[in-house]
Amino acid sequence: MSNVARSSTPATSFRTAVSAGVQTENPPVSLAPVAAVPEVPDYLQDVYYWAYINPRNVKLLDREFVVRTILWQQHRKLQNSAFVEIEAGQRVLQSACVYGSFSANLAEHIGPGGTLDVFDVAEIQVVNTRRKLAAYPNATVHYGNVLEMDLEPFDTVCCYFLLHELPDTYKREAVNLFLSKVVPGGKVVFVDYHKPRWWHPLKPITSLVFDTLEPFAKGLWRNEIKDLADQPEKFTWRKEPRFGDLFQKVVATRID
Ligand SMILES: C[S@@+](CC[C@H](N)C(=O)[O-])C[C@H]1O[C@@H](n2cnc3c(N)ncnc32)[C@H](O)[C@@H]1O
């Protein structure tokens with residue numbers, strides 16, 4: 001379920017007022033009724049509040065150079081490696097918001113002949129991304145839990161650095177949901193962390209960061225994304241390790 005609004009529709013202010021219990025005698029008549037405000041999942045509230053919900057930190061972190069730094073200057077290459085799997089004019093789902101210009105770049109890549117649907121369960125991320133996508137009328141930012149989304153299947157689902165933040169049971173749920181949401185011949189593109197080679201100079205610091213700040217990330221060191229699928233035989237699978245295996249791209253293409 002999601003609260004849907006075009007990227008340029010300022011629907012959140014009224015919803016926020018309602019959810020905060022503020023009396024709003026004359027709500028703007030143009031606003032359609034909205035669904036219930038989605039519940040923030042425990043893992044997001046407990047583990048990632050500082051990164052994605054705390055307003056001061058969101059303002060600080062939502063910058064392209066921050067994403068590049070966190071991803072060891074590999075962000076551009078990784079983003080491009082996702083985009084080569086996506087064709088202009090396609091109907092594309094982006095599983096969650098990403099800091100920096102990722103969504104706008106993706107909307108630009110898809111072009112006016114395609115559509116981009118982005119989900120996020122954190123209101124502040126939705127507001128931010130609607131602002132960043134205001135120039136793209138073919139982009140829609142949904143305020144909702146992507147694991148509960150019920151849209152029609154897409155040509156491509158792009159899951160960029162979401163899986164490592166999900167507890168393992170949700171990783172499995174997400175993989176299977178995204179696989180069920182592509183048309184025959186369509187692709188699910190996962191770009192995320194992977195277990196680095198034993199000699200990788202960044203392995204110790206990555207391991208420390210994961211143990212300290214990202215407790216679910218090592219699930220992707222232990223498990224292949226393909227092994228999370230209930231029906232892997234319905235897809236062809238291509239895995240491309242990147243940057244000494246610290247990152248990976250996995251493309252699942254639906255056979256029929
Ligand atoms: C895509 S991930 C990580 C992206 C990357 N690390 C970056 O640079 O932004 C972060 C986003 O996922 C969102 N998110 C986490 N779980 C979600 C869920 N179940 N449904 C929708 N959005 C979710 C968070 O609110 C956050 O905005």
# chains A, B, ... in the order shown; residues from 1 in each chain; ligands from 1
$ residues_near_ligand --ligand "ligand 1" --cutoff "7 Å" --atoms "only C-alpha atoms and all ligand atoms" --output "list of chain:residue names"
A:Pro41, A:Leu44, A:Tyr52, A:Val67, A:Ser95, A:Ala96, A:Cys97, A:Val98, A:Tyr99, A:Phe119, A:Asp120, A:Val121, A:Ala122, A:Gln125, A:Gly144, A:Asn145, A:Val146, A:Leu147, A:Tyr160, A:Phe161, A:Leu162, A:Glu165, A:Leu166
$ write_last_selection --atoms "C-alpha atoms" --output "PDB file, in the first residue's frame"
ATOM      1  CA  PRO A  41       9.971  -0.852  10.160  1.00  0.00           C
ATOM      2  CA  LEU A  44      14.956   1.329  10.084  1.00  0.00           C
ATOM      3  CA  TYR A  52      17.695   8.227   6.999  1.00  0.00           C
ATOM      4  CA  VAL A  67      27.498   8.678  -1.593  1.00  0.00           C
ATOM      5  CA  SER A  95      13.051   0.042  -4.623  1.00  0.00           C
ATOM      6  CA  ALA A  96      13.994   2.874  -2.238  1.00  0.00           C
ATOM      7  CA  CYS A  97      15.382   6.396  -2.226  1.00  0.00           C
ATOM      8  CA  VAL A  98      19.116   6.877  -2.659  1.00  0.00           C
ATOM      9  CA  TYR A  99      21.064   9.929  -1.543  1.00  0.00           C
ATOM     10  CA  PHE A 119       9.255   3.900  -2.963  1.00  0.00           C
ATOM     11  CA  ASP A 120      10.321   4.942   0.500  1.00  0.00           C
ATOM     12  CA  VAL A 121       8.852   4.287   3.905  1.00  0.00           C
ATOM     13  CA  ALA A 122      10.492   7.340   5.541  1.00  0.00           C
ATOM     14  CA  GLN A 125      13.082  10.712   2.207  1.00  0.00           C
ATOM     15  CA  GLY A 144       5.047   3.348   1.567  1.00  0.00           C
ATOM     16  CA  ASN A 145       6.835   0.149   2.480  1.00  0.00           C
ATOM     17  CA  VAL A 146       8.145  -1.307  -0.749  1.00  0.00           C
ATOM     18  CA  LEU A 147       7.591  -4.806   0.645  1.00  0.00           C
ATOM     19  CA  TYR A 160      20.387  -0.170  -5.366  1.00  0.00           C
ATOM     20  CA  PHE A 161      22.028  -0.747  -1.967  1.00  0.00           C
ATOM     21  CA  LEU A 162      18.797  -1.620  -0.163  1.00  0.00           C
ATOM     22  CA  GLU A 165      20.212  -2.810   5.118  1.00  0.00           C
ATOM     23  CA  LEU A 166      17.438  -5.367   5.535  1.00  0.00           C
TER      24      LEU A 166
END
$ residues_around --residues "Gln90 of chain A" --least-positions-apart "3" --cutoff "6 Å" --atoms "only C-alpha atoms" --output "number ranges by chain"
A: 87, 114, 155
$ write_last_selection --atoms "N, CA, C and O atoms" --output "compact mmCIF listing (two decimals), in the first residue's frame"
# COMPACT_ATOMS: atom_id res chain seq x y z
N GLU A 87 16.57 0.23 -20.28
CA GLU A 87 16.44 0.92 -21.57
C GLU A 87 15.53 2.14 -21.46
O GLU A 87 14.58 2.14 -20.66
N GLY A 114 9.36 6.82 -20.71
CA GLY A 114 9.23 5.78 -19.70
C GLY A 114 8.68 6.35 -18.40
O GLY A 114 8.34 7.54 -18.33
N ASP A 155 9.06 -3.34 -16.25
CA ASP A 155 10.08 -3.85 -17.17
C ASP A 155 11.37 -4.14 -16.40
O ASP A 155 12.06 -5.12 -16.67
$ residues_around --residues "Lys234 of chain A" --least-positions-apart "3" --cutoff "10 Å" --atoms "only C-alpha atoms" --output "count of residues only"
11
$ residues_around --residues "Leu93 of chain A" --least-positions-apart "5" --cutoff "6 Å" --atoms "only C-alpha atoms" --output "VMD selection string"
chain A and resid 116 to 118 157
$ select_by_dssp --residues "segment 36-233 of chain A" --states "helix (DSSP H, G or I)" --output "number ranges by chain"
A: 42-47, 49-52, 55-61, 64-70, 75-83, 102-110, 123-132, 146-148, 163-165, 168-180, 203-213, 219-222, 226-228, 232-233
$ residues_around --residues "segment 101-108 of chain A" --least-positions-apart "2" --cutoff "7 Å" --atoms "only C-alpha atoms" --output "short mmCIF file (atom, residue, chain, number, x, y, z; two decimals) with N, CA, C and O atoms, in the first residue's frame"
data_model
loop_
_atom_site.label_atom_id
_atom_site.label_comp_id
_atom_site.auth_asym_id
_atom_site.auth_seq_id
_atom_site.Cartn_x
_atom_site.Cartn_y
_atom_site.Cartn_z
N GLU A 64 25.78 14.15 -3.29
CA GLU A 64 26.44 13.20 -4.19
C GLU A 64 27.83 12.80 -3.67
O GLU A 64 28.20 11.63 -3.70
N VAL A 98 17.65 6.92 -2.76
CA VAL A 98 19.12 6.88 -2.66
C VAL A 98 19.59 8.32 -2.55
O VAL A 98 19.06 9.20 -3.23
N TYR A 99 20.55 8.57 -1.68
CA TYR A 99 21.06 9.93 -1.54
C TYR A 99 21.74 10.39 -2.83
O TYR A 99 22.20 9.58 -3.64
N ILE A 110 15.86 7.03 -18.26
CA ILE A 110 14.64 6.39 -18.79
C ILE A 110 13.98 7.28 -19.85
O ILE A 110 13.42 6.78 -20.82
N GLY A 111 14.07 8.60 -19.62
CA GLY A 111 13.52 9.55 -20.60
C GLY A 111 12.02 9.73 -20.46
O GLY A 111 11.35 8.98 -19.73
N LEU A 116 9.15 6.22 -13.96
CA LEU A 116 9.94 5.79 -12.80
C LEU A 116 9.04 5.85 -11.57
O LEU A 116 8.45 6.90 -11.28
N LYS A 132 13.70 16.42 -5.50
CA LYS A 132 14.77 16.17 -6.48
C LYS A 132 14.21 15.73 -7.83
O LYS A 132 14.87 15.85 -8.85
N LEU A 133 12.99 15.20 -7.82
CA LEU A 133 12.39 14.71 -9.07
C LEU A 133 11.31 15.66 -9.61
O LEU A 133 10.57 15.28 -10.52
N TYR A 136 10.70 16.01 -13.27
CA TYR A 136 10.41 14.79 -14.05
C TYR A 136 8.97 14.35 -13.82
O TYR A 136 8.68 13.59 -12.89
N ALA A 139 8.02 10.72 -13.15
CA ALA A 139 8.50 10.05 -11.94
C ALA A 139 7.50 10.22 -10.81
O ALA A 139 6.97 11.31 -10.59
#
$ residues_around --residues "Pro201 of chain A" --least-positions-apart "5" --cutoff "10 Å" --atoms "only C-alpha atoms" --output "PyMOL selection string"
chain A and resi 196+206+244
$ write_last_selection --atoms "C-alpha atoms" --output "CSV table (one decimal), in the first residue's frame"
chain,number,residue,atom,x,y,z
A,196,PRO,CA,35.5,-8.9,-0.5
A,206,THR,CA,34.3,-2.6,5.9
A,244,GLY,CA,37.8,-6.8,-5.7
$ closest_residue --among "A:Glu152, A:His75, A:Lys249, A:Val37" --to "Val183 of chain A" --atoms "only C-alpha atoms"
A:Glu152
$ residues_around --residues "His200 of chain A" --least-positions-apart "5" --cutoff "12 Å" --atoms "only C-alpha atoms" --output "list of chain:residue names"
A:His194, A:Lys195, A:Ile205, A:Thr206, A:Ser207, A:Arg242, A:Phe243, A:Gly244, A:Asp245, A:Leu246, A:Phe247
$ write_last_selection --atoms "all heavy atoms" --output "compact mmCIF listing (two decimals), in the first residue's frame"
# COMPACT_ATOMS: atom_id res chain seq x y z
N HIS A 194 29.17 -7.15 -1.29
CA HIS A 194 29.50 -8.56 -1.51
C HIS A 194 30.73 -8.85 -0.64
O HIS A 194 31.43 -7.91 -0.25
CB HIS A 194 29.82 -8.78 -2.99
CG HIS A 194 30.11 -10.18 -3.38
ND1 HIS A 194 31.39 -10.72 -3.30
CD2 HIS A 194 29.31 -11.16 -3.87
CE1 HIS A 194 31.34 -11.97 -3.72
NE2 HIS A 194 30.08 -12.27 -4.07
N LYS A 195 30.97 -10.08 -0.36
CA LYS A 195 32.15 -10.40 0.46
C LYS A 195 33.43 -10.11 -0.32
O LYS A 195 33.67 -10.70 -1.38
CB LYS A 195 32.13 -11.86 0.88
CG LYS A 195 33.24 -12.18 1.88
CD LYS A 195 33.13 -13.61 2.38
CE LYS A 195 34.14 -13.85 3.46
NZ LYS A 195 34.04 -15.19 4.02
N ILE A 205 38.26 -2.56 7.32
CA ILE A 205 37.46 -1.37 7.68
C ILE A 205 35.98 -1.60 7.34
O ILE A 205 35.09 -1.23 8.11
CB ILE A 205 38.01 -0.08 7.01
CG1 ILE A 205 37.17 1.15 7.36
CG2 ILE A 205 38.07 -0.17 5.51
CD1 ILE A 205 37.38 1.68 8.71
N THR A 206 35.73 -2.28 6.22
CA THR A 206 34.33 -2.57 5.87
C THR A 206 33.70 -3.48 6.92
O THR A 206 32.56 -3.26 7.36
CB THR A 206 34.25 -3.23 4.48
OG1 THR A 206 34.90 -2.38 3.53
CG2 THR A 206 32.82 -3.44 4.04
N SER A 207 34.47 -4.48 7.34
CA SER A 207 33.98 -5.41 8.35
C SER A 207 33.67 -4.67 9.65
O SER A 207 32.61 -4.89 10.27
CB SER A 207 35.04 -6.50 8.58
OG SER A 207 34.58 -7.41 9.53
N ARG A 242 32.45 -6.70 -8.38
CA ARG A 242 33.10 -5.43 -8.72
C ARG A 242 34.08 -5.04 -7.62
O ARG A 242 33.84 -5.34 -6.45
CB ARG A 242 32.06 -4.31 -8.82
CG ARG A 242 30.95 -4.57 -9.80
CD ARG A 242 31.32 -4.01 -11.13
NE ARG A 242 30.54 -4.62 -12.18
CZ ARG A 242 30.26 -4.04 -13.33
NH1 ARG A 242 30.73 -2.85 -13.60
NH2 ARG A 242 29.57 -4.67 -14.25
N PHE A 243 35.14 -4.34 -8.01
CA PHE A 243 36.04 -3.69 -7.07
C PHE A 243 36.58 -4.69 -6.03
O PHE A 243 36.39 -4.54 -4.83
CB PHE A 243 35.29 -2.54 -6.37
CG PHE A 243 36.16 -1.54 -5.67
CD1 PHE A 243 37.20 -0.89 -6.32
CD2 PHE A 243 35.93 -1.22 -4.33
CE1 PHE A 243 37.99 0.04 -5.66
CE2 PHE A 243 36.70 -0.30 -3.65
CZ PHE A 243 37.74 0.33 -4.33
N GLY A 244 37.23 -5.74 -6.58
CA GLY A 244 37.80 -6.77 -5.69
C GLY A 244 36.72 -7.50 -4.91
O GLY A 244 36.96 -7.94 -3.78
N ASP A 245 35.55 -7.62 -5.51
CA ASP A 245 34.39 -8.32 -4.92
C ASP A 245 33.75 -7.59 -3.74
O ASP A 245 32.87 -8.14 -3.09
CB ASP A 245 34.75 -9.75 -4.46
CG ASP A 245 35.03 -10.68 -5.62
OD1 ASP A 245 35.16 -10.19 -6.77
OD2 ASP A 245 35.11 -11.90 -5.39
N LEU A 246 34.16 -6.36 -3.48
CA LEU A 246 33.51 -5.63 -2.38
C LEU A 246 32.05 -5.32 -2.73
O LEU A 246 31.19 -5.20 -1.86
CB LEU A 246 34.29 -4.33 -2.10
CG LEU A 246 33.81 -3.45 -0.96
CD1 LEU A 246 33.87 -4.17 0.38
CD2 LEU A 246 34.66 -2.18 -0.87
N PHE A 247 31.81 -5.19 -4.04
CA PHE A 247 30.45 -4.92 -4.52
C PHE A 247 30.05 -5.99 -5.54
O PHE A 247 30.91 -6.72 -6.06
CB PHE A 247 30.38 -3.55 -5.20
CG PHE A 247 30.82 -2.41 -4.33
CD1 PHE A 247 31.99 -1.70 -4.61
CD2 PHE A 247 30.09 -2.04 -3.21
CE1 PHE A 247 32.40 -0.65 -3.80
CE2 PHE A 247 30.49 -1.00 -2.40
CZ PHE A 247 31.65 -0.30 -2.70
$ closest_atom_pairs --of "segment 119-207 of chain A" --to "segment 78-86 of chain A" --cutoff "8 Å" --atoms "only C-alpha atoms" --output "tab-separated table"
residue	atom	partner	partner_atom	distance
A:Thr156	CA	A:Ile86	CA	6.7
A:Cys158	CA	A:Ala82	CA	7.4
A:Lys187	CA	A:Glu85	CA	7.8
A:Val189	CA	A:Ala82	CA	6.6
A:Phe190	CA	A:Ala82	CA	7.8
A:Val191	CA	A:Ala82	CA	7.0
$ write_last_selection --atoms "N, CA, C and O atoms" --output "mmCIF file, in the first residue's frame"
data_model
loop_
_atom_site.group_PDB
_atom_site.id
_atom_site.type_symbol
_atom_site.label_atom_id
_atom_site.label_comp_id
_atom_site.auth_asym_id
_atom_site.auth_seq_id
_atom_site.Cartn_x
_atom_site.Cartn_y
_atom_site.Cartn_z
ATOM 1 N N THR A 156 11.694 -3.230 -15.482
ATOM 2 C CA THR A 156 12.913 -3.407 -14.680
ATOM 3 C C THR A 156 12.658 -2.956 -13.249
ATOM 4 O O THR A 156 12.019 -1.923 -13.030
ATOM 5 N N CYS A 158 14.978 -1.881 -10.054
ATOM 6 C CA CYS A 158 16.347 -1.523 -9.710
ATOM 7 C C CYS A 158 16.464 -1.435 -8.189
ATOM 8 O O CYS A 158 15.848 -0.573 -7.566
ATOM 9 N N LYS A 187 13.838 -7.501 -16.064
ATOM 10 C CA LYS A 187 15.013 -7.741 -15.215
ATOM 11 C C LYS A 187 14.831 -7.167 -13.813
ATOM 12 O O LYS A 187 14.231 -6.100 -13.655
ATOM 13 N N VAL A 189 17.514 -5.825 -11.152
ATOM 14 C CA VAL A 189 18.931 -5.472 -11.078
ATOM 15 C C VAL A 189 19.272 -5.136 -9.626
ATOM 16 O O VAL A 189 18.746 -4.164 -9.072
ATOM 17 N N PHE A 190 20.114 -5.966 -9.034
ATOM 18 C CA PHE A 190 20.561 -5.720 -7.668
ATOM 19 C C PHE A 190 21.993 -5.192 -7.721
ATOM 20 O O PHE A 190 22.865 -5.836 -8.337
ATOM 21 N N VAL A 191 22.237 -4.065 -7.095
ATOM 22 C CA VAL A 191 23.621 -3.598 -6.920
ATOM 23 C C VAL A 191 23.810 -3.411 -5.423
ATOM 24 O O VAL A 191 23.013 -2.716 -4.774
#
$ decode --residues "segment 132-146 of chain A" --atoms "all heavy atoms" --output "mmCIF file, in the first residue's frame"
data_model
loop_
_atom_site.group_PDB
_atom_site.id
_atom_site.type_symbol
_atom_site.label_atom_id
_atom_site.label_comp_id
_atom_site.auth_asym_id
_atom_site.auth_seq_id
_atom_site.Cartn_x
_atom_site.Cartn_y
_atom_site.Cartn_z
ATOM 1 N N LYS A 132 13.699 16.419 -5.499
ATOM 2 C CA LYS A 132 14.765 16.171 -6.483
ATOM 3 C C LYS A 132 14.210 15.729 -7.834
ATOM 4 O O LYS A 132 14.869 15.849 -8.855
ATOM 5 C CB LYS A 132 15.745 15.113 -5.939
ATOM 6 C CG LYS A 132 16.582 15.615 -4.767
ATOM 7 C CD LYS A 132 17.689 14.652 -4.392
ATOM 8 C CE LYS A 132 17.199 13.491 -3.584
ATOM 9 N NZ LYS A 132 18.310 12.635 -3.081
ATOM 10 N N LEU A 133 12.986 15.200 -7.821
ATOM 11 C CA LEU A 133 12.385 14.710 -9.070
ATOM 12 C C LEU A 133 11.311 15.657 -9.609
ATOM 13 O O LEU A 133 10.572 15.284 -10.524
ATOM 14 C CB LEU A 133 11.781 13.317 -8.846
ATOM 15 C CG LEU A 133 12.800 12.185 -8.691
ATOM 16 C CD1 LEU A 133 12.111 10.880 -8.324
ATOM 17 C CD2 LEU A 133 13.620 12.000 -9.961
ATOM 18 N N ALA A 134 11.252 16.870 -9.074
ATOM 19 C CA ALA A 134 10.185 17.800 -9.464
ATOM 20 C C ALA A 134 10.195 18.089 -10.962
ATOM 21 O O ALA A 134 9.156 18.367 -11.554
ATOM 22 C CB ALA A 134 10.311 19.096 -8.665
ATOM 23 N N ALA A 135 11.357 17.996 -11.568
ATOM 24 C CA ALA A 135 11.444 18.318 -13.009
ATOM 25 C C ALA A 135 11.078 17.125 -13.890
ATOM 26 O O ALA A 135 11.143 17.231 -15.121
ATOM 27 C CB ALA A 135 12.873 18.779 -13.333
ATOM 28 N N TYR A 136 10.698 16.008 -13.268
ATOM 29 C CA TYR A 136 10.415 14.789 -14.051
ATOM 30 C C TYR A 136 8.968 14.348 -13.823
ATOM 31 O O TYR A 136 8.681 13.589 -12.886
ATOM 32 C CB TYR A 136 11.392 13.667 -13.666
ATOM 33 C CG TYR A 136 12.818 14.046 -13.932
ATOM 34 C CD1 TYR A 136 13.594 14.629 -12.929
ATOM 35 C CD2 TYR A 136 13.385 13.861 -15.193
ATOM 36 C CE1 TYR A 136 14.903 15.013 -13.181
ATOM 37 C CE2 TYR A 136 14.692 14.250 -15.447
ATOM 38 C CZ TYR A 136 15.438 14.819 -14.442
ATOM 39 O OH TYR A 136 16.728 15.199 -14.700
ATOM 40 N N PRO A 137 8.051 14.805 -14.685
ATOM 41 C CA PRO A 137 6.642 14.453 -14.479
ATOM 42 C C PRO A 137 6.367 12.960 -14.651
ATOM 43 O O PRO A 137 5.310 12.483 -14.228
ATOM 44 C CB PRO A 137 5.905 15.279 -15.547
ATOM 45 C CG PRO A 137 6.936 15.712 -16.519
ATOM 46 C CD PRO A 137 8.253 15.715 -15.822
ATOM 47 N N ASN A 138 7.283 12.248 -15.251
ATOM 48 C CA ASN A 138 7.086 10.803 -15.424
ATOM 49 C C ASN A 138 7.587 10.010 -14.209
ATOM 50 O O ASN A 138 7.595 8.783 -14.232
ATOM 51 C CB ASN A 138 7.806 10.311 -16.686
ATOM 52 C CG ASN A 138 9.299 10.597 -16.631
ATOM 53 O OD1 ASN A 138 9.711 11.560 -15.990
ATOM 54 N ND2 ASN A 138 10.090 9.771 -17.278
ATOM 55 N N ALA A 139 8.016 10.724 -13.154
ATOM 56 C CA ALA A 139 8.498 10.047 -11.943
ATOM 57 C C ALA A 139 7.496 10.215 -10.809
ATOM 58 O O ALA A 139 6.968 11.307 -10.591
ATOM 59 C CB ALA A 139 9.852 10.626 -11.531
ATOM 60 N N THR A 140 7.243 9.133 -10.104
ATOM 61 C CA THR A 140 6.311 9.140 -8.976
ATOM 62 C C THR A 140 7.037 8.614 -7.748
ATOM 63 O O THR A 140 7.702 7.577 -7.824
ATOM 64 C CB THR A 140 5.112 8.214 -9.264
ATOM 65 O OG1 THR A 140 4.541 8.574 -10.512
ATOM 66 C CG2 THR A 140 4.058 8.316 -8.172
ATOM 67 N N VAL A 141 6.923 9.340 -6.643
ATOM 68 C CA VAL A 141 7.545 8.864 -5.401
ATOM 69 C C VAL A 141 6.435 8.422 -4.458
ATOM 70 O O VAL A 141 5.581 9.229 -4.074
ATOM 71 C CB VAL A 141 8.418 9.954 -4.753
ATOM 72 C CG1 VAL A 141 9.149 9.379 -3.540
ATOM 73 C CG2 VAL A 141 9.419 10.515 -5.757
ATOM 74 N N HIS A 142 6.433 7.171 -4.108
ATOM 75 C CA HIS A 142 5.378 6.596 -3.264
ATOM 76 C C HIS A 142 5.847 6.580 -1.816
ATOM 77 O O HIS A 142 6.966 6.150 -1.529
ATOM 78 C CB HIS A 142 5.092 5.147 -3.675
ATOM 79 C CG HIS A 142 4.710 4.987 -5.120
ATOM 80 N ND1 HIS A 142 3.404 4.847 -5.531
ATOM 81 C CD2 HIS A 142 5.465 4.944 -6.239
ATOM 82 C CE1 HIS A 142 3.368 4.714 -6.851
ATOM 83 N NE2 HIS A 142 4.607 4.770 -7.302
ATOM 84 N N TYR A 143 4.949 7.007 -0.938
ATOM 85 C CA TYR A 143 5.234 6.970 0.499
ATOM 86 C C TYR A 143 4.674 5.648 1.026
ATOM 87 O O TYR A 143 3.480 5.538 1.293
ATOM 88 C CB TYR A 143 4.568 8.182 1.145
ATOM 89 C CG TYR A 143 4.721 8.315 2.639
ATOM 90 C CD1 TYR A 143 5.813 7.777 3.326
ATOM 91 C CD2 TYR A 143 3.769 9.011 3.375
ATOM 92 C CE1 TYR A 143 5.944 7.927 4.687
ATOM 93 C CE2 TYR A 143 3.888 9.176 4.740
ATOM 94 C CZ TYR A 143 4.980 8.628 5.394
ATOM 95 O OH TYR A 143 5.099 8.783 6.752
ATOM 96 N N GLY A 144 5.535 4.647 1.119
ATOM 97 C CA GLY A 144 5.047 3.348 1.567
ATOM 98 C C GLY A 144 6.180 2.349 1.693
ATOM 99 O O GLY A 144 7.298 2.576 1.207
ATOM 100 N N ASN A 145 5.861 1.239 2.334
ATOM 101 C CA ASN A 145 6.835 0.149 2.480
ATOM 102 C C ASN A 145 6.891 -0.616 1.161
ATOM 103 O O ASN A 145 5.871 -1.152 0.709
ATOM 104 C CB ASN A 145 6.380 -0.775 3.613
ATOM 105 C CG ASN A 145 7.437 -1.803 3.953
ATOM 106 O OD1 ASN A 145 8.176 -2.273 3.095
ATOM 107 N ND2 ASN A 145 7.494 -2.169 5.223
ATOM 108 N N VAL A 146 8.056 -0.669 0.562
ATOM 109 C CA VAL A 146 8.145 -1.307 -0.749
ATOM 110 C C VAL A 146 7.772 -2.792 -0.676
ATOM 111 O O VAL A 146 7.320 -3.377 -1.667
ATOM 112 C CB VAL A 146 9.553 -1.095 -1.370
ATOM 113 C CG1 VAL A 146 10.604 -1.960 -0.676
ATOM 114 C CG2 VAL A 146 9.530 -1.360 -2.873
#
